Each structure stands twice: as C-alpha cells, then as structure tokens.
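Asker: A single structure is presented below for examination.
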2 protein chains.
Amino acid sequence: MERVVIIGLGLIGGSLGLDLVGQGHSVVGIARREETAQAAVAMGAVTEAATDLGLVAGADMVFICTPIDAVVATAAAIVPHLSPEAVITDVASVKGELVPAIEALWPHFVGGHPMAGKAEAGLAVAEAGLFQGRPYVLTPTEATNPAALERVRAIAASLGANLCQCSPPQHDRAVAWISHLPVMVSSSLILACQEEADPAILALAQTLASSGFQDTSRVGGGVPELGTLMARHNRAALLEALTQYQQQLEQMKMLISAEDWDAVHNTLTQAQAARPAYLI
Amino acid sequence: MERVVIIGLGLIGGSLGLDLVGQGHSVVGIARREETAQAAVAMGAVTEAATDLGLVAGADMVFICTPIDAVVATAAAIVPHLSPEAVITDVASVKGELVPAIEALWPHFVGGHPMAGKAEAGLAVAEAGLFQGRPYVLTPTEATNPAALERVRAIAASLGANLCQCSPPQHDRAVAWISHLPVMVSSSLILACQEEADPAILALAQTLASSGFQDTSRVGGGVPELGTLMARHNRAALLEALTQYQQQLEQMKMLISAEDWDAVHNTLTQAQAARPAYLI
C-alpha cells in the first residue's frame with residue numbers, strides 16, 4: 001500500500017480518493033478550504049485531510065488535482081517537502097506547457113489525464129468507480145523516470161481505467177480536436193443564433209429548438225471558466241484545429257452556395273461514415 | 001369526424017394516422033409501395049390504404065407527408081381529384097418555396113410543420129402521441145382561406161401539439177438557426193477532425209472522444225439525404241445563418257489568438273446565459 005497525497009479535492013481528486021481509500025491505501029487530502037478538507041474526510045474520500053501543503057512530507061505518490069492554472073505553482077510549493085523517491089503526477093486536461101515545467105522542478109514526475117468529466121464539478125459529485133472503463137492518458141517524455149512511470153501506470157490501472165500513452169504535444173492536439181474545438185464550435189452556434197435581428201424570429205427559433213439543437217449546443221453552454229482555461233493552456237493546438245474547422249465549414253458553404261447537391265450529399269455521407277469511430 | 005387522407009406513410013404520416021384513427025376519423029392512407037399501404041392498415045395507422053392518388057376524391061382534409069422534394073408535385077397530381085372544399089396541408093420542414101407554389105395550385109392550402117422528429121425514419125417507428133406537447137407550426141399567408149386555417153388548427157390542436165403561427169419566410173429563418181445550421185456546424189466538426197494528418201493523433205482523438213464530442217457531432221452524423229434536402233430547400237436562410245456563424249467563430253478565434261482571456265470568458269458566459277431559452 002502506498003502513502004498517497006491528493007492535492008485539490010474536487011470531482012477528480014475526490015473520486016480518486018474514494019477509489020484509493022477503498023483499496024486500502026493511506027490517502028491524505030489537501031484542500032484550499034478547511035470545510036472541503038473536513039467534507040472529504042466525512043465522505044471517506046481521504047483518511048486524513050488539511051489545508052497545509054507540508055503534509056506531502058513522507059508521501060510515496062502525490063496527485064495534483066488542482067485547476068490547470070495552479071498545477072505548476074503547486075508542484076513548486078511542495079518540492080521542498082518531498083522525500084527523494086516521491087512521485088508526482090497530475091490530472092490536468094492539457095499537458096504541453098505543464099509537463100516540461102514540472103519536469104524542471106522534480107525528477108520523478110509523470111503527466112496524466114484521466115478522461116472522466118461530469119456536467120457538474122466539485123467534491124459533492126465525486127464518486128467511486130468514476131474512472132472505470134474510461135481513458136486515462138499518461139504523457140511520459142524522454143526525461144521521465146521509468147520506475148515512476150510504472151508506479152503511476154499501476155495505480156491508474158487499479159482504478160479500472162483504460163491506459164493510453166502519448167507525448168504531451170500529441171495529447172494536446174488530440175484533446176484540441178475532441179474536447180476544446182467542440183466548445184468553441186458549440187458556443188459560437190448559440191451566439192450566432194442570438195444575432196438574429198428580428199425578435200419574433202428569435203423567439204420562434206427558441207420555441208422550435210429541440211433535441212438536435214440542445215445536443216449541439218450543450219458543451220458550448222458549459223462553465224465559462226473551464227472553456228477559458230482550455231483555450232488559454234492549449235492555445236496553439238486549439239487555433240490550428242479552429243483554422244482547419246473554418247476551412248471545412250467554408251467548403252460546405254461553398255458547395256451549398258454553388259448548389260452542388262451531389263457534393264453536399266457526399267460530404268454529409270463522409271461525416272456520417274466517420275462518426276462511429278469516435279463513439280465508445 | 002372528418003374524412004382525412006394522408007399521402008406518404010412514414011414516421012410523420014403514420015403517427016398522424018394513429019392519432020386520427022384513435023379519434024374516430026376515417027383515415028385513408030396513400031403510399032408509393034403496396035407493402036407500406038398494407039403495413040399501415042395492419043398497424044391501425046389508417047382505416048384503408050392504397051397506392052392510387054385518386055383516393056383523395058371525397059376527402060375533407062389531405063395531409064401531404066411525402067419527402068420535401070415531392071410535396072409540390074403531389075399537390076399538383078391530386079388537385080384534379082379534389083372536392084371544391086377540400087383542405088390541403090403539408091408537414092414539410094421548409095415552407096418558403098412550397099407555400100406559394102401550392103397556393104398557386106389550390107385555394108384551400110395551409111402550410112404546416114409539426115416538429116416531431118426521431119433518430120429513425122419510416123412507418124415502423126411511427127407512434128401514437130408523437131405530436132403531444134411538441135411545437136406544430138402553421139404558416140398562413142395573406143392568401144390563406146381563414147376557414148381552411150381554422151380547420152387545420154383544430155385538427156393539429158387535437159393532437160395535443162403546441163400551435164405556433166408565422167409567415168413562411170419567418171419559419172424558414174427560424175429553422176435555419178436551430179435545425180439546419182446545427183447540421184452543417186456538426187458535420188464540419190467531424191470532418192475537420194478527420195483532417196488530422198498524424199494517424200497516431202487521429203486514433204488517440206477517437207479513443208479519447210467522450211460524451212461532449214458525441215453530443216456535438218450527433219446531428220452532423222445523421223442521414224445525409226435529410227441534410228441535403230434541408231440545404232437545398234432552405235438554401236438562402238441557411239447561407240445567411242452560416243455567414244453569421246462564421247463571423248461569430250472568427251471573433252472567438254481572434255480573441256483566443258490575441259490572448260484576450262477576459263473577452264473569451266465573457267463570450268463563453270454569454271453563450272452559457274443564452275442557452276436555457278432554447279431548452280424545452
């Protein structure tokens with residue numbers, strides 16, 4: 001059994017704790033707020049919790065589960081307290097910026113990204129088994145210590161997750177396509193509709209919108225903080241994906257404008273044929 | 001009780017028949033294929049059925065429920081057989097082209113569009129109560145006979161639908177926003193991802209895609225025939241909506257490119273705030 005420390009007790013940190021406590025690990029939780037620390041102990045997500053980062057002393061493995069923009073600063077803050085063999089891993093949804101920054105701070109770091117979101121965030125919606133059957137990406141580099149990688153692999157596998165491995169830039173390009181681009185595509189759909197100048201038509205559109213519109217607009221109507229963080233920390237890959245998307249959309253518009261219905265049909269047929277590969 | 005004829009026994013025609021037979025109307029179904037006619041009788045969607053358009057003789061009300069591109073030709077074909085007071089209505093998802101064309105053929109026509117789609121099409125998935133609580137748009141014009149409008153209104157209301165009324169161009173602009181634009185936005189998302197040049201990253205993206213991508217891509221991966229018909233028959237309104245959408249997307253890209261994170265956050269906040277008005 002490992003001595004695990006989880007920093008950041010939200011949906012991911014809390015769910016991780018529930019699984020690891022269930023496996024018999026000693027799990028220390030560190031939260032920013034005392035109330036969160038107490039709630040995590042009360043729900044059995046950790047065996048012990050506090051707000052002091054110094055609690056990482058003696059840990060075998062530290063999971064940094066803070067919001068993206070606090071990950072590197074958190075790593076820098078805990079490094080002075082760590083035992084020499086302690087492994088740090090994180091769960092942030094972007095890796096290209098973070099991984100080299102933390103590797104420069106600590107020799108035993110392995111970037112990770114469990115793909116297990118929920119519509120809501122926070123410790124209150126944490127649940128055991130959240131990672132079961134979901135992808136868990138590890139992003140080792142040439143600098144990654146093989147023993148540290150193996151330890152993070154083992155603990156991620158113990159959650160029942162499907163392990164994937166790739167470089168940090170590959171990870172960021174992949175999630176730009178399937179996670180960050182959809183947020184921009186979907187929010188722009190909502191905002192374009194809002195530009196309708198005739199209030200009667202806007203009201204009618206809102207009345208007539210059904211499941212198709214609701215599905216297409218769902219991720220665009222999500223938490224603004226999350227979408228902003230994604231864009232900020234995966235800016236280059238997202239901009240490339242957006243440019244490619246704009247070309248695709250312009251191509252579709254040209255075909256409709258030219259009344260080339262065979263080509264429109266072919267294009268929609270390609271989309272229909274391609275989609276199943278993205279489904280679980 | 002009216003003598004109703006339904007031409008085209010698919011999801012909408014069949015579901016309409018089930019409700020109207022249930023209310024005690026005499027319902028004659030006309031299908032292109034004899035097997036469909038027999039199946040409709042067997043499932044109780046019509047009281048009588050055949051493949052001969054001449055059966056409209058003696059009808060009080062004719063519902064044209066064929067695919068969009070057959071509606072006007074069907075109206076032209078039945079007109080010689082109709083009693084002078086017979087009312088024609090249709091269920092096509094575009095109205096701007098069709099309504100004036102049919103008005104020119106028959107004095108008692110009322111355009112209609114019940115918003116009650118399903119993922120699958122065809123008589124086999126028809127069901128009683130399909131229109132219950134769903135919007136049903138009627139699109140009268142200055143040329144519409146008030147008595148004919150009242151009769152279509154009454155029968156649509158009897159299905160438990162929520163009646164809306166607007167002009168044909170207003171209808172087409174509204175559905176361009178919430179039904180036709182989402183198909184193009186969503187299919188372009190799938191096709192943009194497919195343009196990823198590195199096969200390893202494409203495979204990773206497909207593995208990592210979860211509910212967010214699945215929802216955003218759903219209508220884009222739908223039946224190509226339907227998307228093509230929508231684009232073809234609502235071309236002008238769809239092109240306008242696409243142009244507005246492109247501006248919105250370009251604006252978002254500029255903000256990300258300029259690293260104006262406050263503005264990105266504000267934009268996503270507006271999208272989040274606007275979306276609930278489109279939900280049922």
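For the structure tokens, the naming scheme is as follows: chains receive sequential letters (A, B, ...) according to their order of presentation, residues are indexed from 1 within each chain, and ligands are indexed from 1 in presentation order.
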Write out as a CSV table (one decimal) with N, CA and C atoms, in the first residue's frame which residues come within 12 Å of Gly8 (chain B) when counting only C-alpha atoms, dropping same-chain ones fewer than 6 positions away.
Answerer:
```csv
chain,number,residue,atom,x,y,z
B,14,GLY,N,-47.5,8.2,-40.6
B,14,GLY,CA,-48.0,7.1,-39.8
B,14,GLY,C,-48.5,7.5,-38.4
B,15,SER,N,-47.7,8.4,-37.8
B,15,SER,CA,-48.0,8.8,-36.4
B,15,SER,C,-49.3,9.6,-36.4
B,16,LEU,N,-49.4,10.5,-37.4
B,16,LEU,CA,-50.6,11.3,-37.6
B,16,LEU,C,-51.8,10.4,-37.7
B,17,GLY,N,-51.7,9.3,-38.6
B,17,GLY,CA,-52.8,8.4,-38.8
B,17,GLY,C,-53.2,7.7,-37.5
B,28,VAL,N,-57.8,7.6,-44.8
B,28,VAL,CA,-57.3,6.8,-45.9
B,28,VAL,C,-55.8,7.1,-46.1
B,29,GLY,N,-55.0,6.1,-46.2
B,29,GLY,CA,-53.5,6.3,-46.4
B,29,GLY,C,-53.2,6.0,-47.9
B,30,ILE,N,-52.3,6.8,-48.4
B,30,ILE,CA,-51.8,6.6,-49.8
B,30,ILE,C,-50.3,6.5,-49.7
B,31,ALA,N,-49.7,5.4,-50.1
B,31,ALA,CA,-48.3,5.1,-50.1
B,31,ALA,C,-47.8,4.9,-51.5
B,32,ARG,N,-46.5,5.0,-51.7
B,32,ARG,CA,-45.9,4.7,-53.0
B,32,ARG,C,-45.9,3.2,-53.2
B,33,ARG,N,-45.6,2.4,-52.1
B,33,ARG,CA,-45.5,1.0,-52.2
B,33,ARG,C,-46.6,0.3,-51.6
B,34,GLU,N,-47.1,-0.7,-52.2
B,34,GLU,CA,-48.3,-1.5,-51.8
B,34,GLU,C,-48.0,-2.1,-50.4
B,36,THR,N,-46.2,-0.9,-48.0
B,36,THR,CA,-46.3,0.2,-46.9
B,36,THR,C,-47.8,0.4,-46.7
B,37,ALA,N,-48.6,0.4,-47.7
B,37,ALA,CA,-50.1,0.6,-47.5
B,37,ALA,C,-50.6,-0.5,-46.7
B,40,ALA,N,-49.5,-0.2,-43.0
B,40,ALA,CA,-50.2,0.9,-42.3
B,40,ALA,C,-51.6,0.5,-41.8
B,45,ALA,N,-52.8,2.4,-38.4
B,45,ALA,CA,-52.4,3.8,-38.7
B,45,ALA,C,-53.4,4.5,-39.7
B,46,VAL,N,-54.1,3.7,-40.4
B,46,VAL,CA,-55.2,4.1,-41.4
B,46,VAL,C,-56.3,3.1,-41.4
B,49,ALA,N,-56.1,1.8,-47.2
B,49,ALA,CA,-54.9,2.3,-47.8
B,49,ALA,C,-54.7,1.7,-49.2
B,50,ALA,N,-54.0,2.5,-50.0
B,50,ALA,CA,-53.7,2.0,-51.4
B,50,ALA,C,-52.6,2.9,-51.9
B,51,THR,N,-52.2,2.7,-53.2
B,51,THR,CA,-51.1,3.4,-53.8
B,51,THR,C,-51.7,4.4,-54.9
B,52,ASP,N,-53.0,4.5,-55.0
B,52,ASP,CA,-53.6,5.4,-56.0
B,52,ASP,C,-54.0,6.8,-55.5
B,53,LEU,N,-53.3,7.8,-56.1
B,53,LEU,CA,-53.6,9.2,-55.6
B,53,LEU,C,-55.1,9.6,-55.8
B,62,VAL,N,-56.6,16.8,-46.7
B,62,VAL,CA,-55.5,15.9,-47.2
B,62,VAL,C,-54.1,16.4,-46.5
B,63,PHE,N,-53.5,15.5,-45.9
B,63,PHE,CA,-52.1,15.8,-45.3
B,63,PHE,C,-51.1,15.2,-46.3
B,64,ILE,N,-50.3,16.1,-46.9
B,64,ILE,CA,-49.2,15.6,-47.7
B,64,ILE,C,-47.9,15.4,-46.8
B,65,CYS,N,-47.5,14.2,-46.7
B,65,CYS,CA,-46.4,13.8,-45.7
B,65,CYS,C,-45.3,13.2,-46.5
B,66,THR,N,-45.1,13.5,-47.7
B,66,THR,CA,-44.0,12.9,-48.5
B,66,THR,C,-42.7,13.7,-48.2
B,67,PRO,N,-41.6,13.2,-48.7
B,67,PRO,CA,-40.3,14.0,-48.5
B,67,PRO,C,-40.5,15.3,-49.2
B,68,ILE,N,-39.7,16.3,-48.7
B,68,ILE,CA,-39.9,17.7,-49.2
B,68,ILE,C,-39.9,17.8,-50.7
B,70,ALA,N,-41.0,16.1,-53.0
B,70,ALA,CA,-42.2,15.5,-53.7
B,70,ALA,C,-43.5,16.2,-53.3
B,71,VAL,N,-43.4,17.2,-52.5
B,71,VAL,CA,-44.7,17.8,-51.9
B,71,VAL,C,-45.4,18.6,-53.0
B,74,THR,N,-46.9,16.3,-55.7
B,74,THR,CA,-48.0,15.6,-55.2
B,74,THR,C,-49.3,16.4,-55.2
B,90,ASP,N,-49.6,20.4,-45.4
B,90,ASP,CA,-48.4,19.5,-45.5
B,90,ASP,C,-47.6,19.5,-44.2
B,91,VAL,N,-46.5,18.8,-44.2
B,91,VAL,CA,-45.7,18.7,-42.9
B,91,VAL,C,-44.2,18.9,-43.2
B,92,ALA,N,-43.9,19.5,-44.3
B,92,ALA,CA,-42.5,19.7,-44.7
B,92,ALA,C,-41.8,20.6,-43.8
B,122,GLY,N,-39.4,6.4,-41.0
B,122,GLY,CA,-40.2,5.3,-41.5
B,122,GLY,C,-41.4,4.9,-40.7
B,123,LEU,N,-42.4,4.2,-41.4
B,123,LEU,CA,-43.6,3.8,-40.7
B,123,LEU,C,-43.4,2.9,-39.5
```
Asker: Got a sec: who's within 9 Å of region 82-87 of chain B, counting only C-alpha atoms, leaving out chain neighbours fewer than 3 positions off, as number ranges by chain?
Answerer: B: 54, 56-63, 78-79, 106-110, 148-149, 151-152
Asker: Given only C-alpha atoms as the basis, pick out the residue of B:Pro276, B:Pro224, B:Gly160, B:Pro146 nearest to chain A.
Answerer: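 Under the stated criterion, the closest residue is B:Pro224.
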Asker: Expressed in Å to a single decimal, how great is the separation between CA of Glu2 (chain B) and CA of Gly96 (chain B)?
Answerer: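 Separation of CA of Glu2 (chain B) and CA of Gly96 (chain B): 28.3 Å.
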Asker: Excluding same-chain residues fewer than 6 positions from region 241-248 of chain A, what lies within 9 Å of it counting only C-alpha atoms, as a PyMOL selection string?
Answerer: (chain A and resi 173+176-177+180-181+184-185) or (chain B and resi 188-189+191-193+195-196+246+249-250+253)
Asker: Write out as number ranges by chain each polymer residue whose atoms come within 12 Å of Ser257 (chain A), counting only C-alpha atoms; drop sequence neighbours fewer than 2 positions from it.
Answerer: A: 250-255, 259-261, 263-264; B: 231-232, 234-240, 242-243
Asker: Atoms to include: N, CA and C atoms. Write the selected residues as a compact mmCIF listing (two decimals), in the first residue's frame.
Answerer:
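again-v4.txt, freshly written:
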```txt
# COMPACT_ATOMS: atom_id res chain seq x y z
N GLU A 250 -16.20 26.46 -44.55
CA GLU A 250 -16.24 27.29 -45.75
C GLU A 250 -16.47 26.42 -46.99
N GLN A 251 -15.85 25.26 -47.00
CA GLN A 251 -16.02 24.31 -48.10
C GLN A 251 -17.50 23.91 -48.20
N MET A 252 -18.10 23.59 -47.07
CA MET A 252 -19.52 23.21 -47.05
C MET A 252 -20.38 24.37 -47.55
N LYS A 253 -20.06 25.58 -47.10
CA LYS A 253 -20.84 26.74 -47.52
C LYS A 253 -20.72 26.98 -49.02
N MET A 254 -19.52 26.79 -49.55
CA MET A 254 -19.31 26.97 -50.99
C MET A 254 -20.16 25.98 -51.79
N LEU A 255 -20.21 24.75 -51.32
CA LEU A 255 -20.98 23.72 -52.03
C LEU A 255 -22.47 24.06 -52.01
N GLU A 259 -24.91 25.27 -55.14
CA GLU A 259 -26.00 24.30 -55.37
C GLU A 259 -25.47 22.98 -55.91
N ASP A 260 -24.31 22.57 -55.42
CA ASP A 260 -23.72 21.29 -55.82
C ASP A 260 -24.22 20.22 -54.83
N TRP A 261 -25.46 19.78 -55.07
CA TRP A 261 -26.13 18.91 -54.08
C TRP A 261 -25.52 17.53 -54.00
N ALA A 263 -22.33 16.96 -54.19
CA ALA A 263 -21.16 17.14 -53.33
C ALA A 263 -21.57 17.35 -51.87
N VAL A 264 -22.67 18.09 -51.63
CA VAL A 264 -23.17 18.25 -50.25
C VAL A 264 -23.52 16.88 -49.68
N ALA B 231 -30.70 21.73 -46.92
CA ALA B 231 -29.84 22.74 -47.51
C ALA B 231 -30.41 23.20 -48.85
N ARG B 232 -30.91 22.23 -49.61
CA ARG B 232 -31.41 22.52 -50.94
C ARG B 232 -32.66 23.40 -50.91
N ASN B 234 -33.81 25.17 -48.24
CA ASN B 234 -33.75 26.36 -47.37
C ASN B 234 -32.40 27.04 -47.55
N ARG B 235 -31.93 27.04 -48.79
CA ARG B 235 -30.58 27.48 -49.11
C ARG B 235 -30.29 28.92 -48.66
N ALA B 236 -31.17 29.86 -49.00
CA ALA B 236 -30.88 31.28 -48.72
C ALA B 236 -30.76 31.52 -47.22
N ALA B 237 -31.74 31.03 -46.45
CA ALA B 237 -31.71 31.26 -45.00
C ALA B 237 -30.52 30.54 -44.36
N LEU B 238 -30.21 29.34 -44.85
CA LEU B 238 -29.08 28.60 -44.30
C LEU B 238 -27.77 29.32 -44.59
N LEU B 239 -27.61 29.85 -45.79
CA LEU B 239 -26.37 30.57 -46.13
C LEU B 239 -26.21 31.81 -45.26
N GLU B 240 -27.31 32.50 -45.00
CA GLU B 240 -27.23 33.67 -44.10
C GLU B 240 -26.80 33.26 -42.69
N LEU B 242 -25.14 30.58 -41.88
CA LEU B 242 -23.74 30.14 -41.94
C LEU B 242 -22.79 31.33 -41.91
N THR B 243 -23.13 32.38 -42.64
CA THR B 243 -22.28 33.57 -42.67
C THR B 243 -22.18 34.21 -41.28
```
Asker: Determine which residues of region 142-186 of chain B DSSP labels as strand (DSSP E) from the backbone of this structure, then write them out as a ChimeraX atom specification.
Answerer: /B:162-165
Asker: Can you pull out the residues contacting Thr139 (chain B)? Cut-off 9 Å, using only C-alpha atoms, and skip same-chain residues under 2 positions away; I want them as a list in words.
Answerer: Lys95, Val99, Val110, Gly111, Gly112, His113, Val137, Thr141, Cys164, Gln165, Cys166, Ser167, Pro168, Pro169, Gln170 and His171 of chain B
Asker: Just the selected residues (C-alpha atoms), exported as a PDB file, in the first residue's frame, please.
Answerer:
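Just written: part.pdb:
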```
ATOM      1  CA  LYS B  95     -42.009  26.428 -46.191  1.00  0.00           C
ATOM      2  CA  VAL B  99     -46.285  27.506 -49.733  1.00  0.00           C
ATOM      3  CA  VAL B 110     -52.343  25.771 -45.228  1.00  0.00           C
ATOM      4  CA  GLY B 111     -48.621  25.104 -44.753  1.00  0.00           C
ATOM      5  CA  GLY B 112     -47.715  23.160 -41.612  1.00  0.00           C
ATOM      6  CA  HIS B 113     -44.642  21.790 -39.861  1.00  0.00           C
ATOM      7  CA  VAL B 137     -46.058  25.498 -36.839  1.00  0.00           C
ATOM      8  CA  THR B 141     -50.205  33.931 -45.768  1.00  0.00           C
ATOM      9  CA  CYS B 164     -47.333  28.334 -33.401  1.00  0.00           C
ATOM     10  CA  GLN B 165     -48.085  30.603 -36.335  1.00  0.00           C
ATOM     11  CA  CYS B 166     -45.724  32.642 -38.509  1.00  0.00           C
ATOM     12  CA  SER B 167     -45.054  33.521 -42.136  1.00  0.00           C
ATOM     13  CA  PRO B 168     -43.238  31.008 -44.373  1.00  0.00           C
ATOM     14  CA  PRO B 169     -40.034  33.125 -44.515  1.00  0.00           C
ATOM     15  CA  GLN B 170     -40.040  33.568 -40.719  1.00  0.00           C
ATOM     16  CA  HIS B 171     -40.417  29.814 -40.315  1.00  0.00           C
TER      17      HIS B 171
END
```
Asker: Using only C-alpha atoms, find the one residue out of B:Asp215, B:Glu127, B:Asp198, B:Asp172 that sits nearest to chain A.
Answerer: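 Comparing B:Asp215, B:Glu127, B:Asp198, B:Asp172 against chain A, the winner is B:Asp215.
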Asker: Provide the CA of Met1 (chain B) to CA of His25 (chain B) distance in Å, to one decimal place.
Answerer: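 Separating CA of Met1 (chain B) from CA of His25 (chain B) is a distance of 5.2 Å.
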Asker: Restricting the calculation to only C-alpha atoms: of B:Ala104, B:Ala157, B:Leu279, B:Leu130, which residue gets closest to Leu208 (chain A)?
Answerer: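 Going through B:Ala104, B:Ala157, B:Leu279, B:Leu130 one by one, the smallest distance to Leu208 (chain A) is for B:Leu279.
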Asker: Considering only C-alpha atoms, state which residue in the set A:Gln270, A:Thr47, A:Tyr278, A:Leu105 is at the smallest distance from Ser210 (chain B).
Answerer: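 That would be A:Tyr278, the residue with the smallest distance to Ser210 (chain B).
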Asker: Which parts of region 18-197 of chain B does DSSP call helix (DSSP H, G or I) when run on the backbone here, written out as a PyMOL selection string?
Answerer: chain B and resi 18-22+34-42+53-56+68-81+98-103+123-125+146-158+168-194
Asker: From the set B:Gly133, B:Gly212, B:Pro114, B:Pro140, which residue has the shortest atom-to-atom contact distance to chain A, counting only C-alpha atoms?
Answerer: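 Using only C-alpha atoms, chain A sits closest to B:Gly212.
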Asker: Would you mind reading off the distance between CA of His233 (chain A) and CA of Leu11 (chain A), one decimal, in Å?
Answerer: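 So the answer is 20.3 Å.
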